[in-house]
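What follows is the content of data-v4.pdb (PDB, C-alpha atoms).
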```pdb
MODEL        1
ATOM      1  CA  MET A   1       4.013 -19.996  -3.332  1.00  0.00           C
ATOM      2  CA  SER A   2       5.811 -18.687  -0.273  1.00  0.00           C
ATOM      3  CA  ASP A   3       3.827 -18.135   2.919  1.00  0.00           C
ATOM      4  CA  LYS A   4       6.284 -15.474   4.054  1.00  0.00           C
ATOM      5  CA  VAL A   5       5.068 -11.887   3.935  1.00  0.00           C
ATOM      6  CA  VAL A   6       7.841  -9.358   3.376  1.00  0.00           C
ATOM      7  CA  LEU A   7       7.517  -5.572   3.559  1.00  0.00           C
ATOM      8  CA  TYR A   8      10.198  -3.414   1.968  1.00  0.00           C
ATOM      9  CA  SER A   9      10.032  -0.244   4.016  1.00  0.00           C
ATOM     10  CA  TYR A  10      11.853   2.799   5.358  1.00  0.00           C
ATOM     11  CA  PHE A  11      11.032   3.890   8.880  1.00  0.00           C
ATOM     12  CA  ARG A  12      10.019   7.461   7.980  1.00  0.00           C
ATOM     13  CA  SER A  13       8.367   6.778   4.622  1.00  0.00           C
ATOM     14  CA  SER A  14       4.744   7.824   5.020  1.00  0.00           C
ATOM     15  CA  CYS A  15       3.622   5.411   2.297  1.00  0.00           C
ATOM     16  CA  SER A  16       5.347   2.496   4.026  1.00  0.00           C
ATOM     17  CA  TRP A  17       3.945   3.664   7.361  1.00  0.00           C
ATOM     18  CA  ARG A  18       0.378   3.383   6.025  1.00  0.00           C
ATOM     19  CA  VAL A  19       0.970  -0.233   5.027  1.00  0.00           C
ATOM     20  CA  ARG A  20       2.550  -1.066   8.391  1.00  0.00           C
ATOM     21  CA  ILE A  21      -0.610   0.200  10.105  1.00  0.00           C
ATOM     22  CA  ALA A  22      -2.780  -1.934   7.814  1.00  0.00           C
ATOM     23  CA  LEU A  23      -0.684  -5.045   8.473  1.00  0.00           C
ATOM     24  CA  ALA A  24      -0.937  -4.426  12.213  1.00  0.00           C
ATOM     25  CA  LEU A  25      -4.704  -3.871  12.098  1.00  0.00           C
ATOM     26  CA  LYS A  26      -5.148  -7.056  10.072  1.00  0.00           C
ATOM     27  CA  LYS A  27      -2.782  -8.948  12.401  1.00  0.00           C
ATOM     28  CA  ILE A  28      -0.651 -10.141   9.487  1.00  0.00           C
ATOM     29  CA  PRO A  29       2.898 -11.005  10.595  1.00  0.00           C
ATOM     30  CA  TYR A  30       5.669  -9.999   8.213  1.00  0.00           C
ATOM     31  CA  ASP A  31       9.403  -9.719   7.776  1.00  0.00           C
ATOM     32  CA  TYR A  32      10.786  -6.192   7.548  1.00  0.00           C
ATOM     33  CA  GLU A  33      13.352  -5.403   4.854  1.00  0.00           C
ATOM     34  CA  ALA A  34      14.798  -1.927   5.295  1.00  0.00           C
ATOM     35  CA  VAL A  35      15.319   0.162   2.162  1.00  0.00           C
ATOM     36  CA  HIS A  36      17.430   3.139   3.200  1.00  0.00           C
ATOM     37  CA  LEU A  37      16.239   6.010   1.026  1.00  0.00           C
ATOM     38  CA  LEU A  38      18.990   8.443   1.992  1.00  0.00           C
ATOM     39  CA  LYS A  39      21.610   5.873   1.000  1.00  0.00           C
ATOM     40  CA  GLY A  40      19.898   5.238  -2.332  1.00  0.00           C
ATOM     41  CA  HIS A  41      18.988   1.592  -1.738  1.00  0.00           C
ATOM     42  CA  GLN A  42      15.751   2.172  -3.678  1.00  0.00           C
ATOM     43  CA  ARG A  43      17.779   2.859  -6.813  1.00  0.00           C
ATOM     44  CA  THR A  44      19.751  -0.386  -6.816  1.00  0.00           C
ATOM     45  CA  ASP A  45      19.234  -2.898  -9.614  1.00  0.00           C
ATOM     46  CA  GLU A  46      18.247  -5.497  -7.031  1.00  0.00           C
ATOM     47  CA  TYR A  47      15.436  -3.387  -5.628  1.00  0.00           C
ATOM     48  CA  LYS A  48      14.248  -2.200  -9.030  1.00  0.00           C
ATOM     49  CA  LEU A  49      13.663  -5.817 -10.012  1.00  0.00           C
ATOM     50  CA  LEU A  50      10.982  -5.759  -7.314  1.00  0.00           C
ATOM     51  CA  ASN A  51       9.680  -2.258  -7.962  1.00  0.00           C
ATOM     52  CA  SER A  52      10.719  -0.589 -11.195  1.00  0.00           C
ATOM     53  CA  SER A  53       9.666   2.866  -9.964  1.00  0.00           C
ATOM     54  CA  GLY A  54      12.228   2.736  -7.170  1.00  0.00           C
ATOM     55  CA  TYR A  55       9.560   3.719  -4.649  1.00  0.00           C
ATOM     56  CA  ILE A  56       8.563   2.102  -1.401  1.00  0.00           C
ATOM     57  CA  PRO A  57       6.703   0.249  -0.060  1.00  0.00           C
ATOM     58  CA  THR A  58       6.801  -3.071  -1.835  1.00  0.00           C
ATOM     59  CA  LEU A  59       4.930  -5.989  -0.287  1.00  0.00           C
ATOM     60  CA  LYS A  60       5.517  -9.659  -1.087  1.00  0.00           C
ATOM     61  CA  ILE A  61       2.425 -11.641  -0.159  1.00  0.00           C
ATOM     62  CA  ASP A  62       0.545 -14.666  -1.503  1.00  0.00           C
ATOM     63  CA  GLY A  63       3.120 -15.159  -4.223  1.00  0.00           C
ATOM     64  CA  LEU A  64       2.578 -11.591  -5.430  1.00  0.00           C
ATOM     65  CA  THR A  65       4.786  -8.516  -5.428  1.00  0.00           C
ATOM     66  CA  LEU A  66       2.570  -5.512  -4.739  1.00  0.00           C
ATOM     67  CA  THR A  67       3.453  -1.832  -5.034  1.00  0.00           C
ATOM     68  CA  GLN A  68       1.772   1.527  -4.274  1.00  0.00           C
ATOM     69  CA  SER A  69       0.459   1.923  -0.742  1.00  0.00           C
ATOM     70  CA  LEU A  70      -3.265   2.395  -1.324  1.00  0.00           C
ATOM     71  CA  PRO A  71      -3.685  -0.564  -3.696  1.00  0.00           C
ATOM     72  CA  ILE A  72      -1.669  -2.649  -1.219  1.00  0.00           C
ATOM     73  CA  ILE A  73      -3.977  -1.601   1.612  1.00  0.00           C
ATOM     74  CA  GLU A  74      -7.082  -2.389  -0.430  1.00  0.00           C
ATOM     75  CA  TYR A  75      -5.643  -5.823  -1.274  1.00  0.00           C
ATOM     76  CA  LEU A  76      -5.067  -6.478   2.423  1.00  0.00           C
ATOM     77  CA  ASP A  77      -8.590  -5.262   3.183  1.00  0.00           C
ATOM     78  CA  GLU A  78     -10.102  -7.757   0.752  1.00  0.00           C
ATOM     79  CA  ARG A  79      -7.758 -10.537   1.847  1.00  0.00           C
ATOM     80  CA  ASN A  80      -8.460 -10.042   5.561  1.00  0.00           C
ATOM     81  CA  PRO A  81     -11.889  -8.369   5.737  1.00  0.00           C
ATOM     82  CA  GLU A  82     -11.852  -7.618   9.463  1.00  0.00           C
ATOM     83  CA  PRO A  83     -11.512  -4.936  10.573  1.00  0.00           C
ATOM     84  CA  ALA A  84     -12.840  -3.343   7.395  1.00  0.00           C
ATOM     85  CA  LEU A  85     -10.939  -0.277   6.240  1.00  0.00           C
ATOM     86  CA  LEU A  86     -13.555   0.904   3.754  1.00  0.00           C
ATOM     87  CA  PRO A  87     -17.268   1.429   4.406  1.00  0.00           C
ATOM     88  CA  LYS A  88     -19.739  -0.858   2.620  1.00  0.00           C
ATOM     89  CA  ASP A  89     -21.931   1.994   1.392  1.00  0.00           C
ATOM     90  CA  LYS A  90     -20.669   3.144  -2.003  1.00  0.00           C
ATOM     91  CA  ALA A  91     -21.133   6.850  -1.259  1.00  0.00           C
ATOM     92  CA  ASP A  92     -19.311   6.564   2.059  1.00  0.00           C
ATOM     93  CA  LYS A  93     -16.574   4.551   0.370  1.00  0.00           C
ATOM     94  CA  ALA A  94     -16.092   7.299  -2.208  1.00  0.00           C
ATOM     95  CA  GLN A  95     -15.787   9.901   0.554  1.00  0.00           C
ATOM     96  CA  VAL A  96     -13.196   7.890   2.446  1.00  0.00           C
ATOM     97  CA  ARG A  97     -11.159   7.362  -0.698  1.00  0.00           C
ATOM     98  CA  ALA A  98     -11.384  11.093  -1.439  1.00  0.00           C
ATOM     99  CA  ILE A  99     -10.020  11.972   2.013  1.00  0.00           C
ATOM    100  CA  ALA A 100      -7.177   9.521   1.504  1.00  0.00           C
ATOM    101  CA  GLU A 101      -6.407  11.029  -1.902  1.00  0.00           C
ATOM    102  CA  ILE A 102      -6.245  14.584  -0.537  1.00  0.00           C
ATOM    103  CA  ILE A 103      -3.194  13.293   1.312  1.00  0.00           C
ATOM    104  CA  ASN A 104      -1.935  10.644  -1.091  1.00  0.00           C
ATOM    105  CA  SER A 105      -2.152  12.775  -4.236  1.00  0.00           C
ATOM    106  CA  GLY A 106      -2.460  16.321  -2.963  1.00  0.00           C
ATOM    107  CA  ILE A 107       0.138  16.524  -0.196  1.00  0.00           C
ATOM    108  CA  GLN A 108       2.584  13.624   0.032  1.00  0.00           C
ATOM    109  CA  PRO A 109       4.037  13.757  -3.494  1.00  0.00           C
ATOM    110  CA  LEU A 110       4.972  17.422  -3.088  1.00  0.00           C
ATOM    111  CA  GLN A 111       7.138  16.715  -0.039  1.00  0.00           C
ATOM    112  CA  ASN A 112       8.631  13.354  -0.867  1.00  0.00           C
ATOM    113  CA  LEU A 113      12.372  12.801  -0.988  1.00  0.00           C
ATOM    114  CA  LYS A 114      12.821  13.108  -4.766  1.00  0.00           C
ATOM    115  CA  VAL A 115      11.074  16.464  -4.835  1.00  0.00           C
ATOM    116  CA  LEU A 116      12.920  17.854  -1.819  1.00  0.00           C
ATOM    117  CA  GLN A 117      16.278  16.805  -3.228  1.00  0.00           C
ATOM    118  CA  LYS A 118      15.438  18.645  -6.448  1.00  0.00           C
ATOM    119  CA  VAL A 119      14.268  21.771  -4.592  1.00  0.00           C
ATOM    120  CA  GLY A 120      17.524  21.915  -2.635  1.00  0.00           C
ATOM    121  CA  GLU A 121      18.255  24.616  -0.072  1.00  0.00           C
ATOM    122  CA  THR A 122      14.681  25.898   0.164  1.00  0.00           C
ATOM    123  CA  LYS A 123      13.213  22.451   0.806  1.00  0.00           C
ATOM    124  CA  MET A 124      11.934  23.278   4.297  1.00  0.00           C
ATOM    125  CA  GLU A 125      10.060  26.338   3.072  1.00  0.00           C
ATOM    126  CA  TRP A 126       8.753  24.415   0.055  1.00  0.00           C
ATOM    127  CA  ALA A 127       7.492  21.501   2.146  1.00  0.00           C
ATOM    128  CA  ASN A 128       5.975  23.783   4.784  1.00  0.00           C
ATOM    129  CA  HIS A 129       4.085  25.697   2.103  1.00  0.00           C
ATOM    130  CA  PHE A 130       2.609  22.675   0.338  1.00  0.00           C
ATOM    131  CA  VAL A 131       1.851  20.642   3.458  1.00  0.00           C
ATOM    132  CA  THR A 132       0.121  23.669   4.977  1.00  0.00           C
ATOM    133  CA  ALA A 133      -1.919  24.139   1.801  1.00  0.00           C
ATOM    134  CA  GLY A 134      -2.897  20.489   1.869  1.00  0.00           C
ATOM    135  CA  MET A 135      -3.964  20.682   5.484  1.00  0.00           C
ATOM    136  CA  GLU A 136      -6.018  23.759   4.652  1.00  0.00           C
ATOM    137  CA  ALA A 137      -7.882  21.639   2.099  1.00  0.00           C
ATOM    138  CA  LEU A 138      -8.266  18.682   4.457  1.00  0.00           C
ATOM    139  CA  GLU A 139      -9.452  20.448   7.621  1.00  0.00           C
ATOM    140  CA  PRO A 140     -12.869  21.599   6.317  1.00  0.00           C
ATOM    141  CA  VAL A 141     -13.516  18.148   4.879  1.00  0.00           C
ATOM    142  CA  LEU A 142     -12.877  16.478   8.239  1.00  0.00           C
ATOM    143  CA  GLU A 143     -15.018  19.086   9.987  1.00  0.00           C
ATOM    144  CA  LYS A 144     -17.912  17.541   8.055  1.00  0.00           C
ATOM    145  CA  THR A 145     -16.960  13.847   8.122  1.00  0.00           C
ATOM    146  CA  ALA A 146     -15.049  13.211  11.346  1.00  0.00           C
ATOM    147  CA  GLY A 147     -16.414  11.441  14.355  1.00  0.00           C
ATOM    148  CA  THR A 148     -13.845   9.720  16.501  1.00  0.00           C
ATOM    149  CA  TYR A 149     -11.752   9.247  13.367  1.00  0.00           C
ATOM    150  CA  CYS A 150     -11.558  10.800   9.899  1.00  0.00           C
ATOM    151  CA  PHE A 151     -14.866   9.330   8.774  1.00  0.00           C
ATOM    152  CA  GLY A 152     -17.244   8.557  11.590  1.00  0.00           C
ATOM    153  CA  ASP A 153     -16.243   6.217  14.368  1.00  0.00           C
ATOM    154  CA  GLU A 154     -14.482   3.415  12.485  1.00  0.00           C
ATOM    155  CA  VAL A 155     -10.850   3.424  11.373  1.00  0.00           C
ATOM    156  CA  THR A 156     -10.542   3.657   7.587  1.00  0.00           C
ATOM    157  CA  ILE A 157      -7.888   4.039   4.919  1.00  0.00           C
ATOM    158  CA  ALA A 158      -8.168   7.787   5.435  1.00  0.00           C
ATOM    159  CA  ASP A 159      -6.826   7.418   8.987  1.00  0.00           C
ATOM    160  CA  LEU A 160      -3.922   5.304   7.772  1.00  0.00           C
ATOM    161  CA  CYS A 161      -2.936   8.205   5.513  1.00  0.00           C
ATOM    162  CA  LEU A 162      -3.518  10.903   8.118  1.00  0.00           C
ATOM    163  CA  VAL A 163      -1.136   9.885  10.896  1.00  0.00           C
ATOM    164  CA  PRO A 164       2.049   9.663   8.794  1.00  0.00           C
ATOM    165  CA  GLN A 165       1.183  12.946   7.109  1.00  0.00           C
ATOM    166  CA  VAL A 166       0.749  14.756  10.429  1.00  0.00           C
ATOM    167  CA  ALA A 167       4.158  13.414  11.462  1.00  0.00           C
ATOM    168  CA  SER A 168       5.622  14.855   8.263  1.00  0.00           C
ATOM    169  CA  ALA A 169       3.927  18.163   9.003  1.00  0.00           C
ATOM    170  CA  ALA A 170       5.754  18.289  12.323  1.00  0.00           C
ATOM    171  CA  ARG A 171       9.085  17.673  10.560  1.00  0.00           C
ATOM    172  CA  PHE A 172       8.409  20.652   8.301  1.00  0.00           C
ATOM    173  CA  ASN A 173       7.322  22.959  11.136  1.00  0.00           C
ATOM    174  CA  VAL A 174       3.696  23.264  10.036  1.00  0.00           C
ATOM    175  CA  ASP A 175       1.577  25.115  12.598  1.00  0.00           C
ATOM    176  CA  MET A 176      -0.966  22.430  13.442  1.00  0.00           C
ATOM    177  CA  SER A 177      -2.864  24.711  15.829  1.00  0.00           C
ATOM    178  CA  CYS A 178      -4.608  25.976  12.684  1.00  0.00           C
ATOM    179  CA  PHE A 179      -6.079  22.513  12.118  1.00  0.00           C
ATOM    180  CA  PRO A 180      -7.944  21.462  15.279  1.00  0.00           C
ATOM    181  CA  THR A 181      -9.989  18.652  13.732  1.00  0.00           C
ATOM    182  CA  ILE A 182      -6.975  17.040  12.105  1.00  0.00           C
ATOM    183  CA  SER A 183      -5.027  17.350  15.350  1.00  0.00           C
ATOM    184  CA  ARG A 184      -7.824  15.860  17.470  1.00  0.00           C
ATOM    185  CA  VAL A 185      -8.317  12.860  15.210  1.00  0.00           C
ATOM    186  CA  ASN A 186      -4.578  12.289  14.916  1.00  0.00           C
ATOM    187  CA  LYS A 187      -4.091  12.343  18.681  1.00  0.00           C
ATOM    188  CA  THR A 188      -6.801   9.714  19.122  1.00  0.00           C
ATOM    189  CA  LEU A 189      -5.388   7.493  16.389  1.00  0.00           C
ATOM    190  CA  GLU A 190      -1.876   7.618  17.823  1.00  0.00           C
ATOM    191  CA  GLU A 191      -3.119   5.850  20.957  1.00  0.00           C
ATOM    192  CA  LEU A 192      -4.435   2.797  19.096  1.00  0.00           C
ATOM    193  CA  PRO A 193      -2.160  -0.266  19.395  1.00  0.00           C
ATOM    194  CA  ALA A 194      -1.806  -0.841  15.646  1.00  0.00           C
ATOM    195  CA  PHE A 195      -0.795   2.768  15.111  1.00  0.00           C
ATOM    196  CA  LYS A 196       1.709   2.601  17.955  1.00  0.00           C
ATOM    197  CA  VAL A 197       3.466  -0.502  16.636  1.00  0.00           C
ATOM    198  CA  ALA A 198       3.634   0.988  13.121  1.00  0.00           C
ATOM    199  CA  ASP A 199       5.064   4.315  14.310  1.00  0.00           C
ATOM    200  CA  ALA A 200       8.195   5.483  12.496  1.00  0.00           C
ATOM    201  CA  ARG A 201       9.991   5.752  15.820  1.00  0.00           C
ATOM    202  CA  ARG A 202       9.571   2.044  16.569  1.00  0.00           C
ATOM    203  CA  GLN A 203      10.869   0.332  13.412  1.00  0.00           C
ATOM    204  CA  PRO A 204      13.893  -1.950  12.972  1.00  0.00           C
ATOM    205  CA  ASP A 205      15.704   0.734  10.974  1.00  0.00           C
ATOM    206  CA  THR A 206      14.784   3.686  13.194  1.00  0.00           C
ATOM    207  CA  PRO A 207      17.974   5.527  14.205  1.00  0.00           C
ATOM    208  CA  ASP A 208      18.703   5.349  17.925  1.00  0.00           C
ATOM    209  CA  ASP A 209      18.356   9.104  18.378  1.00  0.00           C
ATOM    210  CA  LEU A 210      14.786   9.026  17.059  1.00  0.00           C
ATOM    211  CA  ARG A 211      13.638   5.790  18.715  1.00  0.00           C
ATOM    212  CA  ILE A 212      10.933   5.647  21.387  1.00  0.00           C
ATOM    213  CA  GLU A 213       9.659   2.726  23.417  1.00  0.00           C
TER     214      GLU A 213
ENDMDL
END
```
What does the file become when written as structure tokens?
Amino acid sequence: MSDKVVLYSYFRSSCSWRVRIALALKKIPYDYEAVHLLKGHQRTDEYKLLNSSGYIPTLKIDGLTLTQSLPIIEYLDERNPEPALLPKDKADKAQVRAIAEIINSGIQPLQNLKVLQKVGETKMEWANHFVTAGMEALEPVLEKTAGTYCFGDEVTIADLCLVPQVASAARFNVDMSCFPTISRVNKTLEELPAFKVADARRQPDTPDDLRIE
């Protein structure tokens, strides 16, 4: 069993971004293997031996090859329990998972690369429409659950989903002034060290014109 942890990632992939935040919060060092989505690296035979869906992220850890961002994050949460990313109370846990799924199932798949490539010339309008609709569903939920973060005052899986999705919203020109709770929580999260190091603009494969220090 190899001790090396390897994350197959693309700098702007929101699903990979979530896992990078989790790895940073759990203080798990890893090697970064870039999978360039625009160049089709995810469709190569070599990569599909790791992940037959051709999606990212893929995480090699503990002799396992894990796929799908939320199951990966929950594995990391059980492997390294501190800081916990899910509440202990079963009702609270269900709420946090529901917030995460509003993003993971209700927004992100409608604006991922495969969909946008299929939509073609109207992809910006398409993505703006569906991301806006998703934010309209999320905002009233966070109005009820948010404290410092999405659910109370502890970082959870919901927060790991939120920050990459807000970044995508900016790419698709979504008017975030309509979503004050989302914007407030996101701004606070962006200042946390683990979120900074995982930022899309600070990855090994980030293009120079998008990179920040």
For Ile103 of chain A, the nearest of the candidates A:Ile157, A:Val35, A:Ala22, A:Val6, counting all atoms listed in the file: A:Ile157
Exercise: Glu143 of chain A partners within 10 Å, only C-alpha atoms, chain neighbours under 6 positions left out, as a list of chain:residue names: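 Using only C-alpha atoms, the neighbours found are A:Cys150, A:Phe151, A:Phe179, A:Pro180, A:Thr181, A:Ile182.
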Contacts of His41 of chain A at 12 Å (only C-alpha atoms; same-chain gap of 2+ positions) as a PyMOL selection string: chain A and resi 8-10+33-39+43-48+51+54-56
Shell around segment 164-176 of chain A at 6 Å using only C-alpha atoms, local window under 4 positions removed, as a list in words: Ser14, Met124 and Asn128 of chain A
Distance of atom CA of Glu78 of chain A from atom CA of Leu64 of chain A, expressed in Å to one decimal place: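 Here the two named atoms are 14.6 Å from each other.
In terms of minimum interatomic distance to Thr67 of chain A, A:Leu7 ranks closest within A:Tyr30, A:Lys88, A:Gln111, A:Leu7, counting all atoms listed in the file.
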Straight-line distance linking atom CA of Pro71 of chain A with atom CA of Leu59 of chain A, stated in Å to one decimal: 10.7 Å
Nearest candidate to Ala84 of chain A (options A:Glu154, A:Glu190, A:Glu139, A:Glu125; using only C-alpha atoms):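 Of the candidates, the smallest distance to Ala84 of chain A is held by A:Glu154.
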One-decimal distance in Å that lies between atom CA of Ala24 of chain A and atom CA of Ala198 of chain A: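 Computing the Euclidean distance for atom CA of Ala198 of chain A and atom CA of Ala24 of chain A yields 7.1 Å.
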Nearest-residue call for Gln108 of chain A, choices A:Ser69, A:Thr122, A:Gln95, A:Thr156, using all atoms listed in the file: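 Result for the nearest residue to Gln108 of chain A: A:Ser69.
What the PyMOL selection byres ((chain A and resi 202) around 12) matches in the given file is Tyr10, Phe11, Arg12, Trp17, Arg20, Ala194, Phe195, Lys196, Val197, Ala198, Asp199, Ala200, Arg201, Gln203, Pro204, Asp205, Thr206, Pro207, Asp208, Asp209, Leu210, Arg211, Ile212 and Glu213 of chain A.
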All residues 10 Å or closer to Cys178 of chain A, all atoms listed in the file, same chain fewer than 5 positions away omitted, as a ChimeraX atom specification: /A:132,135-136,139,183
